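As structure tokens, the structure follows; a few thoughts come after it.
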Number of protein chains: 2
Amino acid sequence: MTQIKTLRSLLTEDGELRVFLKDADMPVPGDDEVVVEVEATPINPSDLGALVGPANLAEAKNDADGTLVAPVDPRFMRMAGARIGKPLPVGNEGAGVVVAAGKSDAAQALMGKRVTCMGGAMYATHRTVHTAMTFALPDDASARDGASCFVNPLTALSFVDTMRLDGHKGIIHTAAASNLGQMLNRICLDEDVALVNIVRKQEQVDLLKAQGAKIVVNSSDDDFMDQLTDAIAETNASLGFDATGGGNLADRMLTAMERAFSRDADNWSPYGSTVYKQVYLYGGLNLNPTTLNRGYGMSWGIGGYLLTLFMQRVGMERMMELQARVGAELKTTFASNYSHEISLSGVLDADTARAYNLKATGEKYLINPTLG
Amino acid sequence: MTQIKTLRSLLTEDGELRVFLKDADMPVPGDDEVVVEVEATPINPSDLGALVGPANLAEAKNDADGTLVAPVDPRFMRMAGARIGKPLPVGNEGAGVVVAAGKSDAAQALMGKRVTCMGGAMYATHRTVHTAMTFALPDDASARDGASCFVNPLTALSFVDTMRLDGHKGIIHTAAASNLGQMLNRICLDEDVALVNIVRKQEQVDLLKAQGAKIVVNSSDDDFMDQLTDAIAETNASLGFDATGGGNLADRMLTAMERAFSRDADNWSPYGSTVYKQVYLYGGLNLNPTTLNRGYGMSWGIGGYLLTLFMQRVGMERMMELQARVGAELKTTFASNYSHEISLSGVLDADTARAYNLKATGEKYLINPTLG
């Protein structure tokens, strides 16, 4: 029987991260399932929690059989809780060719097709997925084109839906030059939604401006807070999505909102402006604690943001509509860029792991398991 | 014409807080208004923002005419924004006798009655209020009994309503031995709502236990986090109300919730437990920044909480129901305790101001303007 390889990430009881490839038999699909030979699967920040978790990669090395080994600080072990001792599969999404299909019509229709899927455990040579989470790619789309059809595109689309559902008039987005940020910018231009892009470097300002972005603010500028306040006053954007999570960026967004919305206030209130100000933390690029100075009255909220929670909120029908749009605009609105393509065994390389774990904007890794 | 006195708090352009009494003519009520001679009005933490704001009371003193004068740190002046240069009235609620009434039946019906009202500007010898915000007290209730019929009682009741509206199964409350905390404990006992009380001192544990509280956790105990986690696991309380605002108490509540809700997790997820965990900051007893370590996945929120926002959410009819309950249970469920009674001019005294601004649990000030 043909052997396949799947990647596993294990946190041991004695505080060691071990990432390795595991051999398995070629799976047999159930009636409504297909087996995909994976050709392209991205390393998203949302994969890194399961992949390398809280390990200290500065001290990572490879042992004789290629396993990635890294120590984990004891204070993180308690948070790891239920994952200790369990070799976790990794990889939320990817694309490849269907090499086996179950008996159902839906499964048979995909046989031999190049598809994209959200299956979890995509860091593997082969992956069995349900047909409901699998879509055939357009004929002119490569696996690379279709590798990131779910996490970034649906998250970017969900920001705009959330804005409308919660009654906000515009969006502020951090790390805005990321693949996700560029998608969001294209969506907002297309739908005439007010978007304030926050980036950290002038080259990222230039990149977004070249893509038609109307407002880009550089947090490294001395007058960042004034620029941001002006941008919010102009757009009435009262909803922020922050990829950094830690530090004071969420606090600065809320502070700038409050200043913008209090500018023409006739009546002072100790409780601040009445405009409801919300920042969602959808990532954790900055691992420091989040600090809030609370200089924005009482009408504000901050919280975690996760695509699956949004899916529960809007329901499957809306998700299918959004998914259809992603398929139709795969090579335009939802195009992704990758700076590096690596093999499956390359994911285990200690130096490579240190590089992809930086999560630097513009440094995006794609895994191609057909490379070995 | 008879003169009345009203208290004003002014932040000057050059960074000085000035609190003083201002003479005015006796007001004439409109058709639907009454003039109340104020006999009792509490100093709630929610009044202190307008009363002394961000002033440094350690350096407060009284000038020759009795005005309270204190410096304000320049970094707080920007936040003060729209209040600079405006002498603000202070005092959300209070009780007294109606000494003049407008032409409407509702106003005339209150003439001569002892009433409680939520009017703003209650720190005065007399205050004109709309009849809709004024209720006659029961015959056996003194002004002291009826001084705090709105802020604390309605806030405590709103916590339980919010729990139900947001689908939570129990409440965690900090500074739980406060007047508001004792009311909340009585409401939760009465309605069989799970309540985890957090206090800082053993004497506060004893006080709440003596009032029948089922769960009281002392944040000064070495095993506070374990006690809190156990209490949450027992009650499934996933909604916190935090009076302290600053520091790490909200973070510790969310961390304990996550530990409790992950205890029996079979499946580890990098996004944490799926239970939605919320902490509202309804006060700012701790002026330090709020720090969040985010060790609780993605399904969480934190935000400001304000009674007026709750009122907008549930509407006037529900507020009237809650208000009716407060009136009916004024001397039981919603009884308040005051440790000090001071005159209106006493509010200006620098030493007294330093004392009431400590907002210490058990130290509650009541202003009696009839004392002068």
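Here's how to read the names in the structure tokens: chain A, B, ... by the order shown, residue numbers from 1 in each chain, ligand numbers from 1 in the order shown.
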
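When the distance limit is 8 Å and only C-alpha atoms are what count, the residues near Ala121 of chain B, minus those fewer than 4 positions from it on the same chain, are Thr6, Leu7, Pro89, Val90, Gly91, Asn92 and Arg127 of chain B.
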
Checklist entry - Using only C-alpha atoms, which residues sit within 10 Å of Ser336 of chain A once same-chain residues fewer than 3 positions away are excluded, as a VMD selection string? => result chain A and resid 42 144 to 149 152 to 153 178 to 180 182 to 183 330 to 333 364

Next on the checklist: Using only C-alpha atoms, which protein or nucleic acid residues come within 12 Å of Thr116 of chain B? Drop anything in the same chain fewer than 3 positions from it, and give the result as a PyMOL selection string.
Outcome noted: chain B and resi 34-42+92-98+110+113+119+122+127+129-138+141-151+323+326-327+330

Determine which residues of chain A sit within 6 Å of chain B, taking into account only C-alpha atoms, and present them as a CSV table (one decimal) with N, CA, C and O atoms, in the first residue's frame.
chain,number,residue,atom,x,y,z
A,49,GLY,N,0.4,28.7,15.8
A,49,GLY,CA,0.1,28.3,17.2
A,49,GLY,C,0.2,26.8,17.3
A,49,GLY,O,0.8,26.3,18.3
A,50,ALA,N,-0.4,26.1,16.4
A,50,ALA,CA,-0.3,24.6,16.5
A,50,ALA,C,1.1,24.1,16.1
A,50,ALA,O,1.6,23.2,16.6
A,82,ALA,N,-4.2,21.0,27.3
A,82,ALA,CA,-4.7,19.8,26.7
A,82,ALA,C,-3.9,19.3,25.5
A,82,ALA,O,-4.1,18.2,25.0
A,83,ARG,N,-3.0,20.1,25.0
A,83,ARG,CA,-2.2,19.6,23.8
A,83,ARG,C,-1.0,18.8,24.2
A,83,ARG,O,-0.4,18.2,23.4
A,268,TRP,N,-19.3,68.1,27.6
A,268,TRP,CA,-18.3,67.1,28.1
A,268,TRP,C,-19.0,66.1,29.0
A,268,TRP,O,-19.9,66.5,29.7
A,270,PRO,N,-17.9,62.8,31.7
A,270,PRO,CA,-16.8,62.0,32.3
A,270,PRO,C,-16.8,60.6,31.7
A,270,PRO,O,-15.8,59.9,31.8
A,289,PRO,N,2.1,41.8,26.5
A,289,PRO,CA,0.8,42.1,27.0
A,289,PRO,C,0.2,43.3,26.3
A,289,PRO,O,0.9,44.2,25.9
A,290,THR,N,-1.2,43.2,26.2
A,290,THR,CA,-1.9,44.4,25.7
A,290,THR,C,-2.1,45.4,26.8
A,290,THR,O,-2.5,45.0,27.9
A,291,THR,N,-1.8,46.6,26.6
A,291,THR,CA,-2.0,47.6,27.6
A,291,THR,C,-3.0,48.6,27.2
A,291,THR,O,-3.0,49.1,26.1
A,292,LEU,N,-3.9,48.9,28.1
A,292,LEU,CA,-5.0,49.8,27.8
A,292,LEU,C,-5.0,51.0,28.8
A,292,LEU,O,-5.1,50.7,30.0
A,293,ASN,N,-4.9,52.2,28.4
A,293,ASN,CA,-4.9,53.3,29.3
A,293,ASN,C,-6.3,53.9,29.6
A,293,ASN,O,-6.5,54.7,30.4
A,298,MET,N,-16.4,55.2,28.4
A,298,MET,CA,-16.9,53.9,28.7
A,298,MET,C,-17.5,53.2,27.5
A,298,MET,O,-17.9,52.0,27.6
A,299,SER,N,-17.7,53.9,26.4
A,299,SER,CA,-18.3,53.2,25.2
A,299,SER,C,-17.3,52.6,24.3
A,299,SER,O,-17.0,53.2,23.2
A,300,TRP,N,-16.7,51.5,24.7
A,300,TRP,CA,-15.7,50.9,23.9
A,300,TRP,C,-15.6,49.4,24.3
A,300,TRP,O,-16.1,49.0,25.4
A,301,GLY,N,-15.1,48.6,23.4
A,301,GLY,CA,-14.9,47.2,23.6
A,301,GLY,C,-13.6,46.8,22.9
A,301,GLY,O,-13.2,47.4,21.9
A,302,ILE,N,-13.0,45.7,23.4
A,302,ILE,CA,-11.9,45.1,22.7
A,302,ILE,C,-12.1,43.6,22.9
A,302,ILE,O,-12.7,43.1,23.9
A,303,GLY,N,-11.6,42.8,22.0
A,303,GLY,CA,-11.8,41.3,22.2
A,303,GLY,C,-11.1,40.5,21.1
A,303,GLY,O,-10.6,41.1,20.1
A,304,GLY,N,-11.1,39.2,21.3
A,304,GLY,CA,-10.5,38.3,20.3
A,304,GLY,C,-11.5,38.2,19.1
A,304,GLY,O,-12.7,38.5,19.2
A,305,TYR,N,-10.9,37.9,18.0
A,305,TYR,CA,-11.7,37.7,16.8
A,305,TYR,C,-11.2,36.5,16.0
A,305,TYR,O,-10.0,36.3,15.8

Next on the checklist: Report as a list of chain:residue names all protein, DNA and RNA residues lying within 9 Å of Asp351 of chain A, evaluated on only C-alpha atoms, omitting residues in the same chain fewer than 3 positions from it.
Outcome noted: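 Returned residues: A:Leu57, A:Ala60, A:Lys61, A:Leu348, A:Arg354, A:Ala355, A:Tyr356.
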